[in-house]
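S.K.: Can you keep this structure in mind? I'll have questions shortly.
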Amino acid sequence: MTGLGDALSNPLRPVILTAAKSDAVRRVVTAAPPTRRIVDRFVAGNTRADAVAVATQLLGSGRGVSVDHLGENTLDVGQARVIVEEYCDLLTDLGKLEELTPETFRGAPAVEVSVKLTALGLSLGSDGSKIALDHAREICAAAQNVGAWVSIDAEHHTVTDDTLAIVRELRIDFPDVGAVVQAYLRRTEGDCRELSGPRSRVRLCKGAYDEPESVAYRDRAEVDASYLRCLQILMDGDGYPMVASHDPAVVTAVDPLAAVAGRGRSDFEHQMLFGIRDVEQVRLAGAGRRVRVYVPYGSQWYGYLMRRLAERPSNLRFFLQSLLSRD
């Protein structure tokens, strides 16, 4: 769930995102034994079994899940096929958890998978869009067979046009495919209007990549204001808004916006990341809100971890304390 966290709240964010591109930094971080401690906080584990175990626990607590097999920027069609097969096997396993569906999700799938199109081959040259579309169709069909949803994750702005074009193609045969948009991009208000038609699902997050000012708001207040404008567009639209934010101000704003738009509690959902604000997730679910938790798993956790550290000072403090601790 790219950008679910509250981007720009960490003053070291640009430095961390730059370091995330460094092979030298990657080697140091991944080799440090304490790193596993913070990875375990944000990532369900390396294997599909780990992800299913966490999903089982979350469904039992009254929350839904959106499971993501970590990986992006695949440059080999064979590796893309491996990822597709992993998602299909994952969906088979998740489909067996239907009896754990929380009461708040009756009428909507409590199980979803999130997919990055660059993991499916979007970056594979001139044929990338077709390869990614065909692979995404296969995953959508597998999800449909077990009654699950699929959302197509947002990535760097350079692939936004291709990503949304593929979403539109997928929705012809799979109308419930979710689109993910990032409020820090200047284009996103228009994308929200276009994407929020009948039966559509749109996940709105703030954004987690390091984008240039020419395409993205860089000031935190501007991002927050854009998020609320986009959220109002989605609430006023005909689709199903997925409010992906941990920001208390956003969480507080949801109910009034929904009420003005005439929406009940089953007409939208909150989404938050595994390992962040768990108490708040439980509180919202206990109050009868639909809450879906983004559950990443897999060995390709480095880029995801660095984005989480860049989003919130508290995440970075936790990481540094883990590195300094001998326990």
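By convention in this document, the chains of the structure tokens carry letters A, B, ... by their order, each chain's residues are numbered from 1, and ligands are numbered from 1 in the order they are shown.
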Considering only C-alpha atoms, return as a list of chain:residue names whatever protein or nucleic-acid residues lie within 8 Å of range 129-139 of chain A, sequence-local ones (same chain, fewer than 5 positions apart) excluded.
M.R.: A:Arg81, A:Val84, A:Tyr87, A:Cys88, A:Leu117, A:Thr118, A:Leu120, A:Gly121, A:Leu122, A:Ser123, A:Leu124, A:Val150, A:Asp162, A:Ile166, A:Glu169, A:Leu170
S.K.: Can I get the selection written as a compact mmCIF listing (two decimals), in the first residue's frame, with N, CA and C atoms?
M.R.:
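Final output, out_2.txt:
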```txt
# COMPACT_ATOMS: atom_id res chain seq x y z
N ARG A 81 6.67 -14.06 -13.84
CA ARG A 81 5.80 -15.24 -13.79
C ARG A 81 5.81 -15.87 -12.40
N VAL A 84 3.48 -13.84 -10.28
CA VAL A 84 2.07 -14.14 -10.59
C VAL A 84 1.65 -15.45 -9.93
N TYR A 87 1.11 -15.05 -6.23
CA TYR A 87 -0.16 -14.41 -5.91
C TYR A 87 -1.32 -15.40 -6.06
N CYS A 88 -1.30 -16.21 -7.09
CA CYS A 88 -2.39 -17.18 -7.29
C CYS A 88 -2.42 -18.20 -6.16
N LEU A 117 2.35 -3.16 -10.45
CA LEU A 117 2.48 -3.58 -11.85
C LEU A 117 3.93 -3.70 -12.31
N THR A 118 4.85 -2.95 -11.71
CA THR A 118 6.25 -3.13 -12.11
C THR A 118 6.76 -4.49 -11.65
N LEU A 120 4.98 -7.11 -12.00
CA LEU A 120 4.39 -8.03 -12.97
C LEU A 120 4.95 -7.85 -14.37
N GLY A 121 5.89 -6.92 -14.53
CA GLY A 121 6.53 -6.77 -15.84
C GLY A 121 6.34 -5.45 -16.53
N LEU A 122 5.75 -4.46 -15.87
CA LEU A 122 5.48 -3.18 -16.52
C LEU A 122 6.76 -2.52 -17.04
N SER A 123 7.89 -2.80 -16.40
CA SER A 123 9.15 -2.17 -16.79
C SER A 123 9.89 -2.93 -17.87
N LEU A 124 9.26 -3.94 -18.45
CA LEU A 124 9.93 -4.79 -19.45
C LEU A 124 9.82 -4.22 -20.86
N VAL A 150 -8.86 -7.26 -5.58
CA VAL A 150 -7.51 -6.90 -6.01
C VAL A 150 -7.44 -5.38 -6.12
N ASP A 162 0.54 4.69 -17.16
CA ASP A 162 0.44 3.29 -17.57
C ASP A 162 -0.36 2.49 -16.55
N ILE A 166 -3.98 0.56 -17.29
CA ILE A 166 -4.19 -0.87 -17.05
C ILE A 166 -5.37 -1.09 -16.11
N GLU A 169 -8.46 -0.95 -18.17
CA GLU A 169 -8.62 -2.18 -18.94
C GLU A 169 -9.12 -3.32 -18.06
N LEU A 170 -8.55 -3.45 -16.89
CA LEU A 170 -8.96 -4.53 -15.98
C LEU A 170 -10.41 -4.39 -15.55
```
S.K.: Where in range 82-298 of chain A does DSSP assign alpha helix (DSSP H), given as an NGL selection string?
M.R.: :A and (82-95 or 128-146 or 160-173 or 188-195 or 220-236 or 248-260 or 278-286)
S.K.: Compare A:Arg229, A:Arg193, A:Arg106, A:Arg265 by their minimum atom-to-atom distance to Lys206 in chain A, counting only C-alpha atoms, and give me the closest one.
M.R.: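 Closest to Lys206 in chain A of all the choices is A:Arg229.
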S.K.: Which of these residues is nearest to Ala148 in chain A, using only C-alpha atoms: A:Lys96, A:Arg171, A:Arg63, A:Arg199?
M.R.: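 Checking each of A:Lys96, A:Arg171, A:Arg63, A:Arg199 against Ala148 in chain A, counting only C-alpha atoms, the winner is A:Lys96.
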S.K.: Can you tell me, as a list in words, what residues are no more than 9 Å from Val111 in chain A when counting only C-alpha atoms, ignoring any on the same chain fewer than 3 positions away?
M.R.: Ala55, Leu59, Gly64, Val65, Ser66, Val67, Leu91, Leu94, Gly95, Leu97, Glu98, Thr101, Ala108, Gly147, Ala148, Trp149, Val150 and Arg292 of chain A
S.K.: Store the residues of this selection in a file with N, CA, C and O atoms, as a compact mmCIF listing (two decimals), in the first residue's frame.
M.R.:
```txt
# COMPACT_ATOMS: atom_id res chain seq x y z
N ALA A 55 -2.69 -12.83 8.51
CA ALA A 55 -4.03 -12.53 8.02
C ALA A 55 -5.09 -13.22 8.87
O ALA A 55 -6.13 -12.63 9.19
N LEU A 59 -8.00 -11.10 10.77
CA LEU A 59 -9.41 -11.37 10.50
C LEU A 59 -10.13 -11.76 11.78
O LEU A 59 -11.27 -11.34 12.03
N GLY A 64 -10.12 -6.48 8.24
CA GLY A 64 -9.86 -7.08 6.96
C GLY A 64 -8.37 -6.99 6.64
O GLY A 64 -7.59 -6.40 7.40
N VAL A 65 -7.97 -7.57 5.51
CA VAL A 65 -6.56 -7.55 5.13
C VAL A 65 -6.41 -7.24 3.64
O VAL A 65 -7.28 -7.54 2.83
N SER A 66 -5.28 -6.61 3.32
CA SER A 66 -4.83 -6.47 1.94
C SER A 66 -3.39 -6.95 1.93
O SER A 66 -2.50 -6.30 2.49
N VAL A 67 -3.14 -8.11 1.33
CA VAL A 67 -1.83 -8.75 1.42
C VAL A 67 -1.01 -8.43 0.17
O VAL A 67 -1.50 -8.54 -0.96
N LEU A 91 -3.76 -16.44 -3.03
CA LEU A 91 -5.21 -16.28 -3.06
C LEU A 91 -5.92 -17.59 -2.73
O LEU A 91 -6.95 -17.59 -2.04
N LEU A 94 -5.64 -17.81 1.04
CA LEU A 94 -6.47 -16.81 1.71
C LEU A 94 -7.96 -17.13 1.54
O LEU A 94 -8.76 -16.84 2.43
N GLY A 95 -8.31 -17.72 0.41
CA GLY A 95 -9.72 -18.07 0.19
C GLY A 95 -10.27 -19.05 1.21
O GLY A 95 -11.48 -19.12 1.42
N LEU A 97 -9.93 -18.78 4.32
CA LEU A 97 -10.18 -18.06 5.57
C LEU A 97 -11.54 -17.37 5.59
O LEU A 97 -11.82 -16.57 6.47
N GLU A 98 -12.38 -17.69 4.63
CA GLU A 98 -13.65 -16.97 4.48
C GLU A 98 -14.49 -16.99 5.75
O GLU A 98 -15.18 -16.02 6.07
N THR A 101 -14.39 -14.01 8.21
CA THR A 101 -14.79 -12.67 7.79
C THR A 101 -15.44 -11.90 8.95
O THR A 101 -16.43 -12.37 9.52
N ALA A 108 -18.96 -7.41 1.70
CA ALA A 108 -17.75 -7.02 0.98
C ALA A 108 -16.63 -7.98 1.37
O ALA A 108 -16.57 -8.43 2.51
N GLY A 147 -13.46 -15.15 -4.24
CA GLY A 147 -14.25 -14.09 -3.63
C GLY A 147 -13.44 -12.99 -2.98
O GLY A 147 -13.90 -12.34 -2.03
N ALA A 148 -12.21 -12.78 -3.48
CA ALA A 148 -11.35 -11.73 -2.92
C ALA A 148 -11.30 -10.54 -3.86
O ALA A 148 -11.70 -10.62 -5.03
N TRP A 149 -10.77 -9.43 -3.37
CA TRP A 149 -10.58 -8.23 -4.16
C TRP A 149 -9.11 -8.10 -4.57
O TRP A 149 -8.22 -8.71 -3.96
N VAL A 150 -8.86 -7.26 -5.58
CA VAL A 150 -7.51 -6.90 -6.01
C VAL A 150 -7.44 -5.38 -6.12
O VAL A 150 -8.35 -4.76 -6.67
N ARG A 292 -9.18 -2.19 7.16
CA ARG A 292 -8.39 -3.18 6.43
C ARG A 292 -6.90 -2.88 6.67
O ARG A 292 -6.47 -1.73 6.59
```
S.K.: Between A:Asp40, A:Asp161, A:Asp76, A:Asp236, which residue has the minimum interatomic distance to Tyr297 in chain A, considering only C-alpha atoms?
M.R.: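 Looking at the shortest contact to Tyr297 in chain A, the residue is A:Asp40.
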S.K.: Separation of CA of Arg263 in chain A and CA of Glu103 in chain A, in Å?
M.R.: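 Straight-line distance from CA of Arg263 in chain A to CA of Glu103 in chain A works out to 18.2 Å.
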S.K.: For Gly190 in chain A, which residue out of A:Ile233, A:Ala249, A:Ala119, A:Gly178 is the nearest one, using only C-alpha atoms?
M.R.: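 For Gly190 in chain A, the nearest of the given residues is A:Ile233.
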